[in-house]
Amino acid sequence: MRTHAQAVIIGGGVIGCSILYHLTKLGWSDVMLLERDELTSGSTWHAAANIHGLHDNNNITRIQNYTMDLYNALEEETGQSCGVFQPGSLYLAQTEAREHQLRLQAAKAKYYGLPFREVDRAEAEALHPLVDYDGIRCIMFEENGGNVDPSGVTNAYAAGARQNGAEIVRFCPVTGTEQQPDGSWIVRTEKGDIHTQWVVNAAGLWGREVAALAGITLPLQPTEHQYFVTETIAEIDGLDRRLPSVADRDGEYYLRQEGKGLLVGAYEKDMVFWAEDGTPQGFGHELFADDLERIEDNMMRAIDRVPVIGTSGIKRVINGPMIWTPDSNVLFGPVPELRNYFCCNGIIPGFSQSGGMGLLAADWIVTGETRYDMFAWDVARFGDWADKAFTKARVGDQYANRFKIHFPNEERSAGRPARVRPIYETQRDMGAVFGLNYGWEHPLYFGDEIGAEDQTHGFTRQPWWDVVGRECTMLRDTAGIIDISNFAKYTCKGAGAEAWLNSLFANNMPRAVGRSCLTPLIGKRGGIAGDFTVTRLAEDEFWIIGSGMAERYHQRFFNEIPLPEGTTFESHTNDMCGFNVAGPKSREMLQRLTNTSLETSDFPFMRSKWIELGGVRCLALRVSFTGDLGWELHCAEADQPALFEALIAAGKDVGAGPVGSRALMSLRVEKGYGSWGREYSPEYWPQEVGLDRLCKVEKEFLNRDAALENMGIPAREELVLLELDGAQTDASNADATGGEPIFKDGKGIGRVTSGAYGYTVGKSLALGYVKGASAGDVVDVMVLGAPHKATILAEPPFDPKGQRLRA
């Protein structure tokens with residue numbers, strides 16, 4: 001066994017073996033995998049191993065299709081069969097919402113050139129004659145859907161990795177992982193120690209236990225999961241082909257051929273947790289006792305749809321463990337608080353994602369960044385607020401609603417509230433309906449019912465649509481008070497603060513006290529890793545504001561540049577709160593609460609001051625994400641109730657009141673403002689998002705060379721604002737929300753990143769990336785999967801010259 005390695009992967013399931021294989025494909029041959037038992041032990045061996053390409057997230061669609069394409073190539077490369085069956089998959093819609101989802105996925109498939117199309121009942125019956133299609137509104141067929149052999153795939157990855165120089169050590173439990181002063185690791189085992197640059201936790205059911213060896217707590221919780229396989233079915237035995245699988249997600253089961261019978265699996269409401277206090281070390285290839293009564297309701301729906309199931313005997317039942325995250329997406333990437341510790345834990349659709357997951361993990365480890373924006377998977381999306389109680393509640397909800405559609409803007413209540421601010425109850429009593437942002441409860445909108453939960457149950461305009469419209473109109477007409485406490489907030493202090501920030505951010509830091517600037521943060525591949533507002537508070541002190549949900553993600557970049565001696569960088573997200581007061585009467589409203597002059601001559605745009613407002617000391621920044629006249633006001637958390645009370649009282653005098661984040665989305669789209677995680681991500685270059693003017697390439701900053709290289713190349717695509725045809729959006733009662741493909745003359749040219757109705761300009765709007773199109777061009781945006789005419793705008797419809805912002 002080696003004593004030194006570039007990377008040590010802990011866990012010999014399909015994911016660990018895929019990461020090992022993909023590291024070798026990128027040239028790392030001195031890599032090892034340690035497995036406590038035999039390969040596939042844990043949850044890999046008993047997986048149903050279905051494969052499908054489509055996902056609501058476009059980048060996950062990309063990696064799932066990479067995975068499906070890889071399996072046949074892997075067989076040819078290694079000589080190890082992956083047991084690939086691809087007879088196709090039928091997707092059934094019983095409800096309008098499911099039909100909208102499938103039609104949108106079909107539009108995405110067309111954009112990406114994937115084989116996913118609508119079929120009529122006659123063709124569906126020819127493809128799968130055992131299904132009763134009564135009551136089905138829409139049927140889609142994915143031509144390359146199917147399943148694989150779990151052991152075959154795992155061993156193929158292992159064989160390919162060995163061929164490329166990797167070492168796999170079985171029956172070798174890891175007993176310790178200890179970081180060294182230089183950032184490397186000692187991995188301790190019963191067979192000896194290994195010194196490695198990278199530790200990769202792909203330990204599956206034991207992900208929590210392996211993480212604990214490094215002092216990490218991961219939000220993971222295992223559950224039981226059952227499927228059964230029928231005896232031979234005569235109608236299948238008589239066929240000379242394999243039947244396609246059936247995805248009847250409204251029925252809450254999955255179904256495919258297994259041998260000459262059928263495999264039926266279910267995610268039941270009456271779910272069962274397992275190993276809440278830790279996965280037993282001795283667990284391996286065991287299963288739990290059968291409990292088919294628990295999935296009886298799901299089984300009956302499957303029998304109604306495929307009647308032969310009800311007349312067939314059951315050959316075997318698999319009741320085994322799966323391990324989940326709070327949102328059922330993998331915990332993926334380097335742990336921000338440690339050096340060179342990579343997580344890949346909590347994978348549910350492992351055989352649809354294994355290849356892409358291995359590819360992106362190898363990307364990140366070898367090059368420092370993935371080729372796609374995968375924040376939806378990033379381990380940094382959760383913090384220590386995602387504790388055991390939150391994780392259990394969310395996992396229970398995710399399992400029981402596995403096949404429920406995740407609608408745009410939807411908020412689920414399980415496990416909440418996790419973190420609240422002092423005015424949470426006050427806002428609730430004012431009718432606030434809350435959303436979750438990095439653990440924080442924040443108002444989405446203010447309705448008429450106290451304690452109401454979000455009502456989002458479709459892709460069309462939802463019951464809150466008019467409420468949000470009233471808030472937008474109020475702010476544009478008078479003023480609005482928006483809670484922005486969940487923004488990430490930092491201070492950098494010390495003699496070296498300016499130099500350190502200049503070496504981190506792409507723009508020049510403000511030189512004069514009281515001035516602010518906008519600045520990108522550049523990723524390893526030269527894309528936009530973040531956008532920040534930086535304000536100079538004193539000669540040696542700066543205030544930095546960024547995306548709240550990305551605070552832990554951005555920590556990785558902050559850690560890349562050592563702080564000068566005597567300089568500090570601290571987060572104040574937890575101990576500071578904030579409000580954005582914006583609108584044409586915001587100055588009049590705020591002036592009632594302070595003796596500091598707020599006139600433009602005394603308090604210009606992009607300036608800041610410490611002021612007293614209603615008796616509360618606030619840092620006031622003359623800036624607003626609404627695109628209207630406004631100020632951001634930041635105060636100590638303890639002062640939030642007093643400040644909010646003063647703002648509400650002053651607002652009543654001018655006809656202003658509280659406004660939620662959904663209104664803010666509409667208002668910023670009216671101005672064409674981009675947002676991190678939507679328009680801004682590491683995938684997009686500065687010139688593609690219009691931020692190249694903020695990249696001062698004459699100075700050194702983090703990843704400058706990558707940005708400079710990209711900026712020397714013509715933009716691949718351009719961020720644009722589109723106006724959708726009003727008659728069409730009114731007819732469909734829907735707006736773009738993000739992810740919809742954009743076509744021109746039948747050719748895919750881009751996709752929507754954000755969409756909203758612009759209430760105060762009377763237009764359905766969308767931000768998106770396009771290539772080969774420019775202002776004035778008419779294109780098709782695939783709202784609900786159907787083409788909606790849209791025009792690319794030359795300027796934003798609200799205050800295009802920015803006069804109100806600077807008034």
# chains A, B, ... in the order shown; residues from 1 in each chain; ligands from 1
>>> residues_around(residues="Ala638 in chain A", least_positions_apart="3", cutoff="9 Å", atoms="only C-alpha atoms", output="list in words")
Pro422, Asp575, Met576, Cys577, Cys635, Pro641 and Ala642 of chain A
>>> residues_around(residues="range 361-373 of chain A", least_positions_apart="3", cutoff="6 Å", atoms="only C-alpha atoms", output="PDB file with N, CA and C atoms, in the first residue's frame")
ATOM      1  N   HIS A  22     -11.928   9.640 -12.727  1.00  0.00           N
ATOM      2  CA  HIS A  22     -11.825  10.930 -13.408  1.00  0.00           C
ATOM      3  C   HIS A  22     -10.564  11.699 -13.003  1.00  0.00           C
ATOM      4  N   LEU A  23     -10.074  11.503 -11.806  1.00  0.00           N
ATOM      5  CA  LEU A  23      -8.788  12.108 -11.443  1.00  0.00           C
ATOM      6  C   LEU A  23      -7.677  11.549 -12.326  1.00  0.00           C
ATOM      7  N   GLY A 358     -18.133  12.707 -10.839  1.00  0.00           N
ATOM      8  CA  GLY A 358     -16.709  12.415 -10.835  1.00  0.00           C
ATOM      9  C   GLY A 358     -15.921  13.401 -11.672  1.00  0.00           C
ATOM     10  N   GLU A 683     -19.449  30.806 -14.521  1.00  0.00           N
ATOM     11  CA  GLU A 683     -19.525  30.401 -15.928  1.00  0.00           C
ATOM     12  C   GLU A 683     -19.455  31.582 -16.877  1.00  0.00           C
TER      13      GLU A 683
END
>>> residues_around(residues="Trp324 in chain A", least_positions_apart="3", cutoff="8 Å", atoms="only C-alpha atoms", output="compact mmCIF listing (two decimals) with C-alpha atoms, in the first residue's frame")
# COMPACT_ATOMS: atom_id res chain seq x y z
CA LEU A 220 -26.99 14.09 6.43
CA GLN A 221 -29.67 11.63 7.51
CA PRO A 222 -30.28 8.05 6.28
CA THR A 223 -33.73 6.59 5.62
CA ASP A 327 -32.64 19.35 -0.17
CA SER A 328 -31.81 15.93 -1.70
CA ASN A 329 -28.88 17.40 -3.66
CA GLY A 346 -25.71 12.41 0.21
CA ILE A 347 -26.21 11.36 -3.41
CA ILE A 348 -29.66 10.03 -4.31
CA VAL A 395 -35.07 14.98 4.85
>>> residues_around(residues="range 65-71 of chain A", least_positions_apart="5", cutoff="9 Å", atoms="only C-alpha atoms", output="list in words")
Ile51, His52, Gly53, Leu54, Ile60, Glu76, Ser81, Cys82, Gly83, Val84, Leu114, Asn144, Gly145, Val148, Val153, Ala156, Phe351, Ser352, Gln353, Ser354, Gly355, Gly356 and Met357 of chain A
>>> select_by_dssp(residues="range 643-787 of chain A", states="alpha helix (DSSP H)", output="PyMOL selection string")
chain A and resi 643-654+661-670+686-689+704-711+726-732
>>> write_last_selection(atoms="N, CA and C atoms", output="compact mmCIF listing (two decimals), in the first residue's frame")
# COMPACT_ATOMS: atom_id res chain seq x y z
N LEU A 643 -35.41 50.53 14.99
CA LEU A 643 -35.30 51.13 13.66
C LEU A 643 -36.52 50.79 12.81
N PHE A 644 -36.96 49.55 12.87
CA PHE A 644 -38.11 49.14 12.07
C PHE A 644 -39.36 49.90 12.51
N GLU A 645 -39.55 50.04 13.80
CA GLU A 645 -40.70 50.78 14.30
C GLU A 645 -40.68 52.23 13.82
N ALA A 646 -39.50 52.84 13.84
CA ALA A 646 -39.39 54.23 13.39
C ALA A 646 -39.66 54.34 11.89
N LEU A 647 -39.16 53.39 11.12
CA LEU A 647 -39.37 53.43 9.67
C LEU A 647 -40.85 53.23 9.31
N ILE A 648 -41.50 52.30 10.00
CA ILE A 648 -42.93 52.06 9.72
C ILE A 648 -43.75 53.30 10.05
N ALA A 649 -43.44 53.93 11.17
CA ALA A 649 -44.18 55.13 11.57
C ALA A 649 -43.97 56.26 10.57
N ALA A 650 -42.71 56.47 10.16
CA ALA A 650 -42.43 57.53 9.19
C ALA A 650 -43.03 57.19 7.83
N GLY A 651 -43.07 55.92 7.51
CA GLY A 651 -43.63 55.50 6.23
C GLY A 651 -45.11 55.80 6.12
N LYS A 652 -45.83 55.64 7.20
CA LYS A 652 -47.27 55.89 7.18
C LYS A 652 -47.57 57.33 6.77
N ASP A 653 -46.69 58.25 7.13
CA ASP A 653 -46.91 59.66 6.81
C ASP A 653 -46.84 59.94 5.31
N VAL A 654 -46.15 59.06 4.57
CA VAL A 654 -46.01 59.31 3.12
C VAL A 654 -46.68 58.21 2.30
N SER A 661 -39.25 40.42 -0.69
CA SER A 661 -38.19 40.15 -1.67
C SER A 661 -38.72 39.81 -3.05
N ARG A 662 -39.97 39.34 -3.15
CA ARG A 662 -40.51 39.06 -4.48
C ARG A 662 -40.77 40.35 -5.25
N ALA A 663 -41.16 41.39 -4.55
CA ALA A 663 -41.28 42.69 -5.19
C ALA A 663 -39.91 43.18 -5.63
N LEU A 664 -38.91 42.97 -4.79
CA LEU A 664 -37.55 43.40 -5.14
C LEU A 664 -37.09 42.71 -6.43
N MET A 665 -37.44 41.43 -6.59
CA MET A 665 -37.09 40.71 -7.83
C MET A 665 -37.70 41.42 -9.03
N SER A 666 -38.97 41.77 -8.96
CA SER A 666 -39.63 42.46 -10.06
C SER A 666 -38.98 43.82 -10.34
N LEU A 667 -38.71 44.56 -9.29
CA LEU A 667 -38.18 45.91 -9.45
C LEU A 667 -36.78 45.90 -10.06
N ARG A 668 -35.95 44.95 -9.65
CA ARG A 668 -34.59 44.93 -10.19
C ARG A 668 -34.58 44.42 -11.63
N VAL A 669 -35.53 43.54 -11.99
CA VAL A 669 -35.62 43.11 -13.39
C VAL A 669 -36.09 44.27 -14.26
N GLU A 670 -36.97 45.13 -13.75
CA GLU A 670 -37.38 46.32 -14.51
C GLU A 670 -36.19 47.20 -14.88
N PRO A 686 -16.57 38.51 -17.58
CA PRO A 686 -16.92 39.91 -17.28
C PRO A 686 -17.59 40.65 -18.43
N GLN A 687 -17.07 40.50 -19.66
CA GLN A 687 -17.65 41.22 -20.79
C GLN A 687 -19.01 40.68 -21.21
N GLU A 688 -19.34 39.45 -20.78
CA GLU A 688 -20.63 38.88 -21.12
C GLU A 688 -21.74 39.39 -20.21
N VAL A 689 -21.35 39.85 -19.03
CA VAL A 689 -22.34 40.35 -18.07
C VAL A 689 -22.29 41.87 -17.93
N ARG A 704 -6.51 37.38 -11.95
CA ARG A 704 -6.44 38.42 -12.99
C ARG A 704 -6.08 37.83 -14.34
N ASP A 705 -5.11 36.91 -14.37
CA ASP A 705 -4.65 36.39 -15.65
C ASP A 705 -5.77 35.66 -16.39
N ALA A 706 -6.60 34.92 -15.63
CA ALA A 706 -7.71 34.21 -16.27
C ALA A 706 -8.73 35.22 -16.81
N ALA A 707 -9.01 36.27 -16.04
CA ALA A 707 -9.95 37.29 -16.51
C ALA A 707 -9.41 37.99 -17.74
N LEU A 708 -8.12 38.31 -17.72
CA LEU A 708 -7.49 39.01 -18.84
C LEU A 708 -7.55 38.15 -20.11
N GLU A 709 -7.30 36.87 -19.95
CA GLU A 709 -7.36 35.97 -21.10
C GLU A 709 -8.76 35.93 -21.69
N ASN A 710 -9.77 35.83 -20.82
CA ASN A 710 -11.16 35.80 -21.32
C ASN A 710 -11.55 37.12 -21.96
N MET A 711 -11.11 38.22 -21.35
CA MET A 711 -11.50 39.53 -21.87
C MET A 711 -10.83 39.85 -23.19
N GLY A 726 -47.21 40.79 -24.40
CA GLY A 726 -48.19 40.85 -23.31
C GLY A 726 -49.39 39.98 -23.54
N ALA A 727 -49.87 39.93 -24.77
CA ALA A 727 -51.07 39.12 -25.05
C ALA A 727 -50.79 37.65 -24.79
N GLN A 728 -49.58 37.21 -25.14
CA GLN A 728 -49.24 35.79 -24.94
C GLN A 728 -49.09 35.45 -23.47
N THR A 729 -48.41 36.31 -22.71
CA THR A 729 -48.22 36.00 -21.29
C THR A 729 -49.53 36.08 -20.53
N ASP A 730 -50.40 37.01 -20.90
CA ASP A 730 -51.71 37.08 -20.26
C ASP A 730 -52.53 35.84 -20.58
N ALA A 731 -52.40 35.35 -21.82
CA ALA A 731 -53.17 34.17 -22.23
C ALA A 731 -52.73 32.93 -21.46
N SER A 732 -51.44 32.83 -21.21
CA SER A 732 -50.93 31.66 -20.48
C SER A 732 -50.90 31.90 -18.98
>>> residues_around(residues="range 565-567 of chain A", least_positions_apart="4", cutoff="6 Å", atoms="only C-alpha atoms", output="JSON list (two decimals) with N, CA and C atoms, in the first residue's frame")
[["chain", "number", "residue", "atom", "x", "y", "z"],
["A", 493, "LYS", "N", -10.35, 45.80, 8.39],
["A", 493, "LYS", "CA", -9.73, 46.89, 9.13],
["A", 493, "LYS", "C", -8.21, 46.66, 9.22],
["A", 494, "GLY", "N", -7.50, 47.77, 9.29],
["A", 494, "GLY", "CA", -6.05, 47.70, 9.50],
["A", 494, "GLY", "C", -5.29, 48.43, 8.41],
["A", 496, "GLY", "N", -3.28, 47.38, 6.34],
["A", 496, "GLY", "CA", -3.17, 46.66, 5.07],
["A", 496, "GLY", "C", -4.50, 46.39, 4.41]]
>>> select_by_dssp(residues="range 171-341 of chain A", states="strand (DSSP E)", output="MDAnalysis selection string")
chainID A and resid 174:179 185:189 192:201 221:230 245:248 253:258 261:266 314:324 331:334 341
>>> closest_residue(among="A:Asp387, A:Asp466, A:Asp448, A:Asp780", to="Ala766 in chain A", atoms="only C-alpha atoms")
A:Asp780
>>> residues_around(residues="Ile544 in chain A", least_positions_apart="3", cutoff="6 Å", atoms="only C-alpha atoms", output="list in words")
Lys489, Tyr490, Thr533 and Val534 of chain A
>>> residues_around(residues="range 507-511 of chain A", least_positions_apart="4", cutoff="8 Å", atoms="only C-alpha atoms", output="PDB file with N, CA and C atoms, in the first residue's frame")
ATOM      1  N   GLU A 498      -6.698  48.243   2.566  1.00  0.00           N
ATOM      2  CA  GLU A 498      -6.885  48.657   1.183  1.00  0.00           C
ATOM      3  C   GLU A 498      -6.087  47.775   0.227  1.00  0.00           C
ATOM      4  N   LEU A 501      -7.748  44.233  -0.048  1.00  0.00           N
ATOM      5  CA  LEU A 501      -8.968  44.245  -0.847  1.00  0.00           C
ATOM      6  C   LEU A 501      -8.663  44.478  -2.318  1.00  0.00           C
ATOM      7  N   ASN A 502      -7.688  45.313  -2.609  1.00  0.00           N
ATOM      8  CA  ASN A 502      -7.303  45.525  -4.002  1.00  0.00           C
ATOM      9  C   ASN A 502      -6.699  44.271  -4.625  1.00  0.00           C
ATOM     10  N   ARG A 515     -16.944  56.994   0.193  1.00  0.00           N
ATOM     11  CA  ARG A 515     -17.261  56.576  -1.176  1.00  0.00           C
ATOM     12  C   ARG A 515     -17.432  55.066  -1.253  1.00  0.00           C
ATOM     13  N   SER A 516     -18.252  54.639  -2.216  1.00  0.00           N
ATOM     14  CA  SER A 516     -18.519  53.214  -2.432  1.00  0.00           C
ATOM     15  C   SER A 516     -18.196  52.847  -3.872  1.00  0.00           C
ATOM     16  N   CYS A 517     -17.981  51.566  -4.107  1.00  0.00           N
ATOM     17  CA  CYS A 517     -17.796  51.073  -5.467  1.00  0.00           C
ATOM     18  C   CYS A 517     -18.432  49.697  -5.596  1.00  0.00           C
ATOM     19  N   LEU A 518     -18.745  49.332  -6.817  1.00  0.00           N
ATOM     20  CA  LEU A 518     -19.166  47.977  -7.134  1.00  0.00           C
ATOM     21  C   LEU A 518     -17.964  47.228  -7.695  1.00  0.00           C
ATOM     22  N   THR A 519     -17.823  45.969  -7.338  1.00  0.00           N
ATOM     23  CA  THR A 519     -16.662  45.233  -7.816  1.00  0.00           C
ATOM     24  C   THR A 519     -16.966  43.754  -8.015  1.00  0.00           C
ATOM     25  N   PRO A 520     -16.475  43.186  -9.117  1.00  0.00           N
ATOM     26  CA  PRO A 520     -16.567  41.734  -9.271  1.00  0.00           C
ATOM     27  C   PRO A 520     -15.479  41.022  -8.465  1.00  0.00           C
ATOM     28  N   VAL A 534     -18.373  47.790  -1.971  1.00  0.00           N
ATOM     29  CA  VAL A 534     -17.337  48.082  -0.979  1.00  0.00           C
ATOM     30  C   VAL A 534     -17.379  49.578  -0.666  1.00  0.00           C
ATOM     31  N   THR A 535     -17.423  49.913   0.615  1.00  0.00           N
ATOM     32  CA  THR A 535     -17.499  51.296   1.081  1.00  0.00           C
ATOM     33  C   THR A 535     -16.326  51.581   2.008  1.00  0.00           C
ATOM     34  N   ARG A 536     -15.686  52.710   1.803  1.00  0.00           N
ATOM     35  CA  ARG A 536     -14.581  53.103   2.687  1.00  0.00           C
ATOM     36  C   ARG A 536     -15.158  53.887   3.865  1.00  0.00           C
ATOM     37  N   LEU A 694     -15.537  47.213 -14.791  1.00  0.00           N
ATOM     38  CA  LEU A 694     -15.176  47.238 -13.366  1.00  0.00           C
ATOM     39  C   LEU A 694     -13.947  46.392 -13.070  1.00  0.00           C
ATOM     40  N   CYS A 695     -13.356  45.796 -14.083  1.00  0.00           N
ATOM     41  CA  CYS A 695     -12.152  44.975 -13.903  1.00  0.00           C
ATOM     42  C   CYS A 695     -10.938  45.807 -14.307  1.00  0.00           C
ATOM     43  N   LYS A 696     -10.190  46.275 -13.335  1.00  0.00           N
ATOM     44  CA  LYS A 696      -9.041  47.167 -13.587  1.00  0.00           C
ATOM     45  C   LYS A 696      -7.800  46.299 -13.803  1.00  0.00           C
TER      46      LYS A 696
END
